[in-house]
file my_file_7.cif (mmCIF, C-alpha atoms)
data_final
loop_
_atom_site.label_atom_id
_atom_site.label_comp_id
_atom_site.auth_asym_id
_atom_site.auth_seq_id
_atom_site.Cartn_x
_atom_site.Cartn_y
_atom_site.Cartn_z
CA LEU A 28 116.60 50.41 169.12
CA LYS A 29 112.98 51.52 169.11
CA ALA A 30 114.14 55.13 169.17
CA ARG A 31 116.40 54.49 166.21
CA LEU A 32 113.60 52.87 164.25
CA ALA A 33 111.28 55.77 165.08
CA THR A 34 113.75 58.30 163.68
CA ARG A 35 114.44 56.38 160.48
CA VAL A 36 112.51 57.62 157.42
CA HIS A 37 111.61 55.20 154.68
CA PRO A 38 113.39 55.97 151.32
CA GLU A 39 110.05 56.02 149.44
CA SER A 40 108.79 58.72 151.82
CA VAL A 41 111.88 60.80 151.03
CA ASN A 42 111.36 60.40 147.28
CA LEU A 43 107.69 61.33 147.60
CA ALA A 44 108.51 64.43 149.59
CA ALA A 45 111.16 65.48 147.06
CA ALA A 46 108.75 64.96 144.19
CA MET A 47 106.08 67.06 145.93
CA ASN A 48 108.62 69.83 146.52
CA PHE A 49 109.62 69.72 142.84
CA VAL A 50 106.00 69.92 141.69
CA ALA A 51 105.37 72.84 144.01
CA ALA A 52 108.47 74.64 142.74
CA ALA A 53 107.56 73.94 139.11
CA GLY A 54 104.04 75.19 139.73
CA SER A 55 105.43 78.40 141.14
CA LEU A 56 107.63 78.83 138.08
CA VAL A 57 104.69 78.27 135.71
CA ILE A 58 102.49 80.68 137.62
CA GLY A 59 105.33 83.17 137.77
CA GLY A 60 105.95 82.74 134.04
CA VAL A 61 102.28 83.30 133.19
CA ALA A 62 102.16 86.33 135.44
CA GLY A 63 105.33 87.66 133.85
CA CYS A 64 103.87 87.13 130.39
CA VAL A 65 100.66 88.96 131.32
CA LEU A 66 102.63 91.82 132.83
CA GLY A 67 104.82 91.92 129.72
CA ARG A 68 101.79 92.20 127.47
CA ARG A 69 100.30 94.91 129.62
CA LYS A 70 103.56 96.82 129.46
CA GLU A 71 103.67 96.38 125.68
CA LYS A 72 100.10 97.67 125.33
CA LYS A 73 100.91 100.69 127.49
CA LEU A 74 103.98 101.39 125.38
CA GLN A 75 101.93 101.08 122.20
CA ALA A 76 99.27 103.41 123.61
CA LYS A 77 101.99 105.91 124.54
CA TYR A 78 103.44 105.65 121.03
CA GLU A 79 100.07 106.26 119.43
CA LYS A 80 99.33 109.21 121.70
CA TYR A 81 102.63 111.04 121.97
CA TRP A 82 105.01 109.98 119.24
CA PRO A 83 104.64 111.59 115.81
CA ARG A 84 103.48 109.65 112.80
CA LYS A 85 105.77 109.28 109.79
CA ILE A 86 104.43 112.00 107.52
CA MET A 87 106.36 111.98 104.27
CA MET A 88 106.41 113.68 100.89
CA VAL A 89 108.12 112.29 97.80
CA PHE A 90 109.21 114.61 95.01
CA GLY A 91 110.82 113.84 91.68
CA ALA A 92 110.74 115.16 88.13
CA PRO A 93 109.25 112.93 85.40
CA GLY A 94 111.57 109.93 85.02
CA ALA A 95 113.41 110.58 88.29
CA GLY A 96 112.50 107.16 89.69
CA LYS A 97 110.07 107.96 92.50
CA GLY A 98 107.52 105.70 90.81
CA THR A 99 110.00 102.82 91.12
CA GLN A 100 111.14 103.54 94.69
CA GLY A 101 107.74 104.59 96.08
CA PRO A 102 106.24 101.07 96.35
CA LYS A 103 109.43 99.85 98.04
CA ILE A 104 109.15 102.59 100.66
CA VAL A 105 105.50 101.67 101.24
CA GLU A 106 106.42 98.02 101.76
CA MET A 107 109.35 98.83 104.05
CA LEU A 108 107.50 101.26 106.33
CA GLY A 109 104.07 99.66 106.13
CA ILE A 110 102.32 102.97 105.49
CA PRO A 111 100.15 103.95 102.49
CA GLN A 112 101.13 106.23 99.64
CA LEU A 113 98.32 108.70 99.04
CA SER A 114 97.74 110.47 95.73
CA THR A 115 95.38 113.44 95.58
CA GLY A 116 93.62 112.01 92.52
CA ASP A 117 92.79 108.73 94.26
CA MET A 118 91.70 110.49 97.46
CA LEU A 119 89.48 112.86 95.50
CA ARG A 120 87.75 110.05 93.59
CA GLU A 121 87.31 108.03 96.80
CA ALA A 122 85.77 110.99 98.67
CA VAL A 123 83.33 111.64 95.80
CA ALA A 124 82.40 107.93 95.61
CA LYS A 125 81.79 107.74 99.38
CA GLY A 126 79.70 110.91 99.31
CA THR A 127 81.55 112.55 102.20
CA GLU A 128 80.81 116.20 102.96
CA VAL A 129 84.04 117.34 101.33
CA GLY A 130 83.50 114.84 98.51
CA LYS A 131 80.14 116.42 97.74
CA GLN A 132 81.76 119.85 97.56
CA ALA A 133 84.40 118.51 95.18
CA LYS A 134 81.78 116.81 92.99
CA GLU A 135 79.78 120.03 92.73
CA VAL A 136 82.85 122.00 91.64
CA MET A 137 83.94 119.36 89.10
CA SER A 138 80.42 119.06 87.68
CA SER A 139 80.44 122.77 86.92
CA GLY A 140 83.80 122.44 85.17
CA GLY A 141 85.73 124.27 87.88
CA LEU A 142 89.02 123.43 89.58
CA VAL A 143 88.91 121.91 93.06
CA SER A 144 90.22 124.48 95.54
CA ASP A 145 93.16 123.92 97.87
CA GLU A 146 90.75 124.16 100.80
CA ILE A 147 88.73 121.21 99.51
CA VAL A 148 91.84 119.14 98.79
CA ILE A 149 93.17 119.81 102.30
CA GLY A 150 89.79 118.76 103.69
CA ILE A 151 89.94 115.50 101.73
CA ILE A 152 93.46 114.78 103.02
CA LYS A 153 92.35 115.58 106.58
CA ASP A 154 89.58 113.00 106.37
CA ARG A 155 91.72 110.37 104.65
CA ILE A 156 94.60 110.41 107.15
CA LYS A 157 92.19 109.64 109.99
CA GLU A 158 91.65 106.13 108.62
CA GLU A 159 93.16 103.04 110.23
CA ASP A 160 95.84 102.40 107.60
CA CYS A 161 97.34 105.85 108.28
CA LYS A 162 97.72 105.21 112.00
CA ALA A 163 101.52 104.85 111.78
CA GLY A 164 101.91 107.42 109.03
CA PHE A 165 101.48 108.08 105.32
CA ILE A 166 103.27 109.30 102.20
CA LEU A 167 101.86 112.16 100.13
CA ASP A 168 102.41 111.76 96.40
CA GLY A 169 101.64 114.69 94.10
CA PHE A 170 100.83 117.07 96.92
CA PRO A 171 101.65 119.80 97.73
CA ARG A 172 102.33 121.23 94.28
CA THR A 173 102.64 124.85 95.35
CA LEU A 174 104.00 126.75 98.33
CA PRO A 175 100.52 127.92 99.45
CA GLN A 176 99.39 124.28 99.46
CA ALA A 177 102.39 123.33 101.61
CA GLU A 178 101.60 126.10 104.06
CA ALA A 179 97.94 125.06 104.21
CA LEU A 180 98.98 121.45 104.85
CA ASP A 181 101.33 122.54 107.64
CA LYS A 182 98.51 124.49 109.28
CA MET A 183 96.14 121.52 109.10
CA LEU A 184 98.70 119.13 110.62
CA ALA A 185 99.73 121.63 113.32
CA ALA A 186 96.13 121.78 114.54
CA ASP A 187 96.61 118.17 115.71
CA GLY A 188 100.15 118.72 116.96
CA GLU A 189 101.74 117.09 113.91
CA ALA A 190 104.17 118.12 111.19
CA VAL A 191 105.80 116.74 108.06
CA SER A 192 108.70 114.52 109.17
CA LEU A 193 110.49 113.77 105.89
CA VAL A 194 110.65 115.27 102.40
CA MET A 195 112.48 113.00 99.96
CA ALA A 196 113.57 114.57 96.68
CA PHE A 197 114.94 112.52 93.78
CA ASP A 198 117.49 114.58 91.83
CA VAL A 199 118.48 113.57 88.29
CA ASP A 200 120.45 115.39 85.60
CA PRO A 201 118.06 116.72 82.87
CA ALA A 202 120.05 114.92 80.14
CA VAL A 203 119.53 111.60 81.94
CA LEU A 204 115.83 112.36 82.35
CA GLU A 205 115.48 113.03 78.63
CA GLU A 206 117.10 109.70 77.82
CA ARG A 207 114.82 107.88 80.27
CA VAL A 208 111.57 109.59 79.30
CA CYS A 209 112.00 109.97 75.56
CA GLY A 210 113.09 106.34 75.20
CA ARG A 211 109.83 104.97 76.59
CA TRP A 212 107.36 103.08 74.38
CA ILE A 213 104.17 101.33 75.52
CA ASP A 214 101.63 98.81 74.34
CA LYS A 215 98.36 100.70 74.70
CA ALA A 216 96.15 97.64 75.23
CA SER A 217 98.16 95.90 77.96
CA GLY A 218 100.19 98.79 79.38
CA ARG A 219 103.43 96.86 78.85
CA SER A 220 106.33 99.28 78.85
CA TYR A 221 109.55 99.19 76.82
CA HIS A 222 112.63 101.37 76.61
CA VAL A 223 114.93 101.90 73.67
CA LYS A 224 118.04 101.49 75.85
CA TYR A 225 117.02 99.57 78.96
CA ALA A 226 114.26 97.21 77.74
CA PRO A 227 113.89 97.30 73.94
CA PRO A 228 111.29 95.17 72.15
CA LYS A 229 112.72 92.22 70.22
CA SER A 230 111.55 93.72 66.93
CA MET A 231 113.37 97.06 67.32
CA LYS A 232 115.56 98.21 64.45
CA MET A 233 117.75 101.31 64.48
CA GLY A 234 117.74 103.87 61.68
CA PRO A 235 120.71 105.74 60.15
CA ASP A 236 120.13 108.56 62.64
CA GLY A 237 120.71 106.24 65.60
CA LYS A 238 117.05 106.32 66.58
CA PRO A 239 114.63 103.38 66.46
CA VAL A 240 112.53 102.95 63.34
CA PRO A 241 108.94 103.60 64.58
CA GLU A 242 107.45 100.85 62.38
CA SER A 243 109.75 98.29 63.99
CA MET A 244 108.54 99.00 67.52
CA LYS A 245 106.13 96.16 68.26
CA ASP A 246 104.91 94.40 71.40
CA ASP A 247 106.83 91.19 72.18
CA VAL A 248 103.63 89.33 73.10
CA THR A 249 101.00 90.39 70.56
CA GLY A 250 103.06 92.03 67.83
CA ALA A 251 100.87 95.13 68.06
CA ALA A 252 102.42 98.50 67.23
CA LEU A 253 103.86 100.33 70.21
CA MET A 254 103.28 104.01 70.87
CA GLN A 255 104.88 106.90 72.73
CA ARG A 256 102.89 109.14 75.05
CA PRO A 257 102.41 112.67 73.73
CA ASP A 258 104.31 114.08 76.71
CA ASP A 259 107.26 111.69 76.29
CA THR A 260 109.02 114.03 73.87
CA ALA A 261 111.99 116.35 74.43
CA GLU A 262 109.82 119.45 73.93
CA ALA A 263 107.08 118.30 76.28
CA LEU A 264 109.61 117.14 78.86
CA LYS A 265 111.28 120.55 78.94
CA LYS A 266 107.96 122.21 79.76
CA ARG A 267 107.24 119.65 82.45
CA LEU A 268 110.70 120.10 83.98
CA ASP A 269 110.34 123.90 83.96
CA GLY A 270 106.98 123.58 85.70
CA TYR A 271 108.35 121.08 88.22
CA LYS A 272 111.29 123.33 89.01
CA ASP A 273 109.14 126.44 89.42
CA GLN A 274 106.71 124.64 91.74
CA THR A 275 108.97 122.28 93.68
CA VAL A 276 112.04 124.38 94.49
CA PRO A 277 110.03 126.81 96.69
CA ILE A 278 108.49 123.85 98.55
CA LEU A 279 111.87 122.27 99.24
CA SER A 280 113.21 125.66 100.34
CA HIS A 281 110.24 125.94 102.68
CA TYR A 282 111.08 122.67 104.48
CA GLU A 283 114.89 122.77 104.34
CA PRO A 284 115.31 124.96 107.46
CA SER A 285 113.65 122.15 109.46
CA GLY A 286 116.35 119.71 108.32
CA ILE A 287 113.82 117.22 106.96
CA VAL A 288 114.66 117.44 103.24
CA LYS A 289 116.68 114.41 102.10
CA ARG A 290 118.03 114.44 98.55
CA ILE A 291 118.51 111.21 96.62
CA ASP A 292 120.77 110.72 93.61
CA GLY A 293 118.12 109.38 91.26
CA GLY A 294 120.66 109.12 88.44
CA ALA A 295 122.49 106.24 90.12
CA PRO A 296 121.73 102.55 89.33
CA ILE A 297 118.38 101.41 90.75
CA ASP A 298 119.89 99.17 93.44
CA GLN A 299 122.21 101.94 94.58
CA VAL A 300 119.32 104.41 94.72
CA TRP A 301 117.41 102.03 96.98
CA VAL A 302 120.38 101.68 99.32
CA GLU A 303 120.50 105.48 99.68
CA VAL A 304 116.73 105.67 100.17
CA GLN A 305 116.87 103.11 103.00
CA ALA A 306 119.71 104.96 104.71
CA LYS A 307 117.83 108.26 104.63
CA LEU A 308 114.53 106.70 105.69
CA GLY A 309 116.34 105.79 108.91
CA ASN A 310 116.65 109.49 109.69
CA THR A 311 112.89 110.05 109.85
CA LYS A 312 111.53 111.54 113.03
#
call {"tool": "encode", "arguments": {"input": "my_file_7.cif", "output": "structure tokens"}}
result
Amino acid sequence: LKARLATRVHPESVNLAAAMNFVAAAGSLVIGGVAGCVLGRRKEKKLQAKYEKYWPRKIMMVFGAPGAGKGTQGPKIVEMLGIPQLSTGDMLREAVAKGTEVGKQAKEVMSSGGLVSDEIVIGIIKDRIKEEDCKAGFILDGFPRTLPQAEALDKMLAADGEAVSLVMAFDVDPAVLEERVCGRWIDKASGRSYHVKYAPPKSMKMGPDGKPVPESMKDDVTGAALMQRPDDTAEALKKRLDGYKDQTVPILSHYEPSGIVKRIDGGAPIDQVWVEVQAKLGNTK
């Protein structure tokens, strides 16, 4: 009987032992989970470091004739990819304002009434794309404008083991461009924009020739007379299109052998254009 009593274990002792085992097991799981989390973060940081060191940045160019729609789609691309759109004019003014070495050179040339050389512009771009917001990539807007500029840009990027990864060209029929561009009217004070076909002012009246009566074109908000830009005429547009064609076609031909030129039907409805843009952005390197 004594032996039996000695071998019996009180139920509370069993419950206590089970509880202690559970706590120990739970502790191990927590510790293991924390360790796994730390290891996961370390792995993620290593992967990010590898990406930053070895994988190419998204280096894009966007081309489009006046009225082709790149001004509408550009901000959407910026938001989607999270990379800045860089214009040579903005970069030039910023470099001059900051007083960088290249900015000083540009200021000296501009002060004397001269044109800033391609070498200086390339130098300004080189400095700008080193900034934090360009870490994952950038979009060049308005550059290059000539084949020599494209070749100089390629040389600058190649020095750091990089290259242009996507050239997006918005193609639109010239007749459609004329309708888009020549139908634009603006309120000079506010910058509000109207269009004879797509967004006419409430006051617009059409003449016998099927064109709007200039005196009837007034701002919806203030009633002030609207105006057309001097270059928003059929004659001016033709010159701009000829210049765009002469300058841009050689640049596109330069990059086409690399398979990075993606053409967009800019004449399609805006929503449809964006769908095509998104699909072709997915092909970036």
call {"tool": "closest_residue", "arguments": {"input": "my_file_7.cif", "among": "A:Ile86, A:Leu184, A:Met254, A:Val208", "to": "Pro228 (chain A)", "atoms": "all atoms listed in the file"}}
result
A:Met254
call {"tool": "closest_atom_pairs", "arguments": {"input": "my_file_7.cif", "of": "region 119-226 of chain A", "to": "region 264-272 of chain A", "cutoff": "9 Å", "atoms": "all atoms listed in the file", "output": "Markdown table"}}
result
| residue | atom | partner | partner_atom | distance |
| --- | --- | --- | --- | --- |
| A:Arg172 | CA | A:Tyr271 | CA | 8.5 |
| A:Pro201 | CA | A:Leu268 | CA | 8.2 |
| A:Leu204 | CA | A:Leu264 | CA | 8.6 |
| A:Glu205 | CA | A:Leu264 | CA | 7.2 |
| A:Val208 | CA | A:Leu264 | CA | 7.8 |
| A:Cys209 | CA | A:Leu264 | CA | 8.2 |
call {"tool": "closest_residue", "arguments": {"input": "my_file_7.cif", "among": "A:Ile213, A:Leu174, A:Ala190, A:Ala196", "to": "Gln255 (chain A)", "atoms": "only C-alpha atoms"}}
result
A:Ile213
call {"tool": "closest_residue", "arguments": {"input": "my_file_7.cif", "among": "A:Tyr225, A:Phe90, A:Trp212, A:Tyr282", "to": "Val191 (chain A)", "atoms": "all atoms listed in the file"}}
result
A:Tyr282
call {"tool": "closest_residue", "arguments": {"input": "my_file_7.cif", "among": "A:Val240, A:Ile166, A:Val136, A:Leu180", "to": "Lys153 (chain A)", "atoms": "only C-alpha atoms"}}
result
A:Leu180
call {"tool": "closest_residue", "arguments": {"input": "my_file_7.cif", "among": "A:Val129, A:Met195, A:Val105, A:Ile151", "to": "Ile287 (chain A)", "atoms": "all atoms listed in the file"}}
result
A:Met195
call {"tool": "closest_atom_pairs", "arguments": {"input": "my_file_7.cif", "of": "region 196-242 of chain A", "to": "region 300-308 of chain A", "cutoff": "12 Å", "atoms": "all atoms listed in the file", "output": "tab-separated table"}}
result
residue	atom	partner	partner_atom	distance
A:Ala196	CA	A:Val304	CA	10.1
A:Phe197	CA	A:Val300	CA	9.3
A:Asp198	CA	A:Val300	CA	10.7
A:Val199	CA	A:Val300	CA	11.2
call {"tool": "atom_distance", "arguments": {"input": "my_file_7.cif", "atom1": "CA of Ala92 (chain A)", "atom2": "CA of Leu167 (chain A)"}}
result
15.2 Å
call {"tool": "atom_distance", "arguments": {"input": "my_file_7.cif", "atom1": "CA of Asp145 (chain A)", "atom2": "CA of Gln176 (chain A)"}}
result
6.4 Å
call {"tool": "atom_distance", "arguments": {"input": "my_file_7.cif", "atom1": "CA of Met244 (chain A)", "atom2": "CA of Asp258 (chain A)"}}
result
18.2 Å
call {"tool": "resolve_selection", "arguments": {"input": "my_file_7.cif", "expression": "the PyMOL selection byres ((chain A and resi 146) around 12)", "output": "short mmCIF file (atom, residue, chain, number, x, y, z; two decimals) with C-alpha atoms, in the coordinates of the input"}}
result
data_model
loop_
_atom_site.label_atom_id
_atom_site.label_comp_id
_atom_site.auth_asym_id
_atom_site.auth_seq_id
_atom_site.Cartn_x
_atom_site.Cartn_y
_atom_site.Cartn_z
CA VAL A 129 84.04 117.34 101.33
CA GLN A 132 81.76 119.85 97.56
CA ALA A 133 84.40 118.51 95.18
CA LEU A 142 89.02 123.43 89.58
CA VAL A 143 88.91 121.91 93.06
CA SER A 144 90.22 124.48 95.54
CA ASP A 145 93.16 123.92 97.87
CA ILE A 147 88.73 121.21 99.51
CA VAL A 148 91.84 119.14 98.79
CA ILE A 149 93.17 119.81 102.30
CA GLY A 150 89.79 118.76 103.69
CA ILE A 151 89.94 115.50 101.73
CA ILE A 152 93.46 114.78 103.02
CA LYS A 153 92.35 115.58 106.58
CA PRO A 175 100.52 127.92 99.45
CA GLN A 176 99.39 124.28 99.46
CA ALA A 177 102.39 123.33 101.61
CA GLU A 178 101.60 126.10 104.06
CA ALA A 179 97.94 125.06 104.21
CA LEU A 180 98.98 121.45 104.85
CA LYS A 182 98.51 124.49 109.28
CA MET A 183 96.14 121.52 109.10
#
call {"tool": "closest_residue", "arguments": {"input": "my_file_7.cif", "among": "A:Val276, A:Ala226, A:Val203, A:Ala251", "to": "Pro93 (chain A)", "atoms": "all atoms listed in the file"}}
result
A:Val203
call {"tool": "axis_aligned_box", "arguments": {"input": "my_file_7.cif", "around": "region 248-264 of chain A", "padding_each_side": "6 Å", "output": "JSON"}}
result
{"center_x": 106.4, "center_y": 104.4, "center_z": 73.0, "size_x": 23.1, "size_y": 42.1, "size_z": 23.6}
call {"tool": "resolve_selection", "arguments": {"input": "my_file_7.cif", "expression": "the PyMOL selection byres ((chain A and resi 110) around 12)", "output": "mmCIF file with C-alpha atoms, keeping the file's coordinate frame"}}
result
data_model
loop_
_atom_site.group_PDB
_atom_site.id
_atom_site.type_symbol
_atom_site.label_atom_id
_atom_site.label_comp_id
_atom_site.auth_asym_id
_atom_site.auth_seq_id
_atom_site.Cartn_x
_atom_site.Cartn_y
_atom_site.Cartn_z
ATOM 1 C CA ARG A 84 103.480 109.650 112.800
ATOM 2 C CA LYS A 85 105.770 109.280 109.790
ATOM 3 C CA ILE A 86 104.430 112.000 107.520
ATOM 4 C CA MET A 87 106.360 111.980 104.270
ATOM 5 C CA GLY A 101 107.740 104.590 96.080
ATOM 6 C CA PRO A 102 106.240 101.070 96.350
ATOM 7 C CA LYS A 103 109.430 99.850 98.040
ATOM 8 C CA ILE A 104 109.150 102.590 100.660
ATOM 9 C CA VAL A 105 105.500 101.670 101.240
ATOM 10 C CA GLU A 106 106.420 98.020 101.760
ATOM 11 C CA MET A 107 109.350 98.830 104.050
ATOM 12 C CA LEU A 108 107.500 101.260 106.330
ATOM 13 C CA GLY A 109 104.070 99.660 106.130
ATOM 14 C CA PRO A 111 100.150 103.950 102.490
ATOM 15 C CA GLN A 112 101.130 106.230 99.640
ATOM 16 C CA LEU A 113 98.320 108.700 99.040
ATOM 17 C CA ILE A 156 94.600 110.410 107.150
ATOM 18 C CA GLU A 158 91.650 106.130 108.620
ATOM 19 C CA GLU A 159 93.160 103.040 110.230
ATOM 20 C CA ASP A 160 95.840 102.400 107.600
ATOM 21 C CA CYS A 161 97.340 105.850 108.280
ATOM 22 C CA LYS A 162 97.720 105.210 112.000
ATOM 23 C CA ALA A 163 101.520 104.850 111.780
ATOM 24 C CA GLY A 164 101.910 107.420 109.030
ATOM 25 C CA PHE A 165 101.480 108.080 105.320
ATOM 26 C CA ILE A 166 103.270 109.300 102.200
ATOM 27 C CA LEU A 167 101.860 112.160 100.130
#
call {"tool": "resolve_selection", "arguments": {"input": "my_file_7.cif", "expression": "the PyMOL selection byres ((chain A and resi 122) around 10)", "output": "PyMOL selection string"}}
result
chain A and resi 117-121+123-134+151-152+154-155
call {"tool": "build_atoms", "arguments": {"input": "my_file_7.cif", "residues": "region 110-123 of chain A", "atoms": "N, CA, C and O atoms", "output": "PDB file, in the frame of the given file"}}
result
ATOM      1  N   ILE A 110     103.267 101.853 105.493  1.00  0.00           N
ATOM      2  CA  ILE A 110     102.320 102.970 105.490  1.00  0.00           C
ATOM      3  C   ILE A 110     101.883 103.248 104.061  1.00  0.00           C
ATOM      4  O   ILE A 110     102.632 102.977 103.121  1.00  0.00           O
ATOM      5  N   PRO A 111     100.671 103.765 103.853  1.00  0.00           N
ATOM      6  CA  PRO A 111     100.150 103.950 102.490  1.00  0.00           C
ATOM      7  C   PRO A 111     100.722 105.183 101.786  1.00  0.00           C
ATOM      8  O   PRO A 111     101.119 106.159 102.422  1.00  0.00           O
ATOM      9  N   GLN A 112     100.763 105.094 100.472  1.00  0.00           N
ATOM     10  CA  GLN A 112     101.130 106.230  99.640  1.00  0.00           C
ATOM     11  C   GLN A 112      99.842 106.819  99.098  1.00  0.00           C
ATOM     12  O   GLN A 112      99.069 106.129  98.435  1.00  0.00           O
ATOM     13  N   LEU A 113      99.594 108.070  99.376  1.00  0.00           N
ATOM     14  CA  LEU A 113      98.320 108.700  99.040  1.00  0.00           C
ATOM     15  C   LEU A 113      98.491 109.695  97.899  1.00  0.00           C
ATOM     16  O   LEU A 113      99.300 110.620  97.990  1.00  0.00           O
ATOM     17  N   SER A 114      97.723 109.508  96.833  1.00  0.00           N
ATOM     18  CA  SER A 114      97.740 110.470  95.730  1.00  0.00           C
ATOM     19  C   SER A 114      96.450 111.287  95.804  1.00  0.00           C
ATOM     20  O   SER A 114      95.389 110.760  96.147  1.00  0.00           O
ATOM     21  N   THR A 115      96.543 112.554  95.477  1.00  0.00           N
ATOM     22  CA  THR A 115      95.380 113.440  95.580  1.00  0.00           C
ATOM     23  C   THR A 115      94.262 112.975  94.645  1.00  0.00           C
ATOM     24  O   THR A 115      93.084 113.055  94.999  1.00  0.00           O
ATOM     25  N   GLY A 116      94.636 112.476  93.468  1.00  0.00           N
ATOM     26  CA  GLY A 116      93.620 112.010  92.520  1.00  0.00           C
ATOM     27  C   GLY A 116      92.801 110.862  93.088  1.00  0.00           C
ATOM     28  O   GLY A 116      91.567 110.866  93.016  1.00  0.00           O
ATOM     29  N   ASP A 117      93.484 109.876  93.673  1.00  0.00           N
ATOM     30  CA  ASP A 117      92.790 108.730  94.260  1.00  0.00           C
ATOM     31  C   ASP A 117      91.918 109.151  95.437  1.00  0.00           C
ATOM     32  O   ASP A 117      90.783 108.688  95.589  1.00  0.00           O
ATOM     33  N   MET A 118      92.464 110.022  96.292  1.00  0.00           N
ATOM     34  CA  MET A 118      91.700 110.490  97.460  1.00  0.00           C
ATOM     35  C   MET A 118      90.464 111.262  97.040  1.00  0.00           C
ATOM     36  O   MET A 118      89.394 111.131  97.649  1.00  0.00           O
ATOM     37  N   LEU A 119      90.601 112.057  95.993  1.00  0.00           N
ATOM     38  CA  LEU A 119      89.480 112.860  95.500  1.00  0.00           C
ATOM     39  C   LEU A 119      88.369 111.956  94.972  1.00  0.00           C
ATOM     40  O   LEU A 119      87.196 112.124  95.332  1.00  0.00           O
ATOM     41  N   ARG A 120      88.748 110.976  94.144  1.00  0.00           N
ATOM     42  CA  ARG A 120      87.750 110.050  93.590  1.00  0.00           C
ATOM     43  C   ARG A 120      87.073 109.237  94.693  1.00  0.00           C
ATOM     44  O   ARG A 120      85.859 108.996  94.648  1.00  0.00           O
ATOM     45  N   GLU A 121      87.849 108.827  95.685  1.00  0.00           N
ATOM     46  CA  GLU A 121      87.310 108.030  96.800  1.00  0.00           C
ATOM     47  C   GLU A 121      86.319 108.855  97.619  1.00  0.00           C
ATOM     48  O   GLU A 121      85.255 108.351  98.013  1.00  0.00           O
ATOM     49  N   ALA A 122      86.660 110.114  97.881  1.00  0.00           N
ATOM     50  CA  ALA A 122      85.770 110.990  98.670  1.00  0.00           C
ATOM     51  C   ALA A 122      84.455 111.237  97.932  1.00  0.00           C
ATOM     52  O   ALA A 122      83.377 111.250  98.535  1.00  0.00           O
ATOM     53  N   VAL A 123      84.539 111.420  96.604  1.00  0.00           N
ATOM     54  CA  VAL A 123      83.330 111.640  95.800  1.00  0.00           C
ATOM     55  C   VAL A 123      82.479 110.381  95.797  1.00  0.00           C
ATOM     56  O   VAL A 123      81.250 110.439  95.952  1.00  0.00           O
TER      57      VAL A 123
END
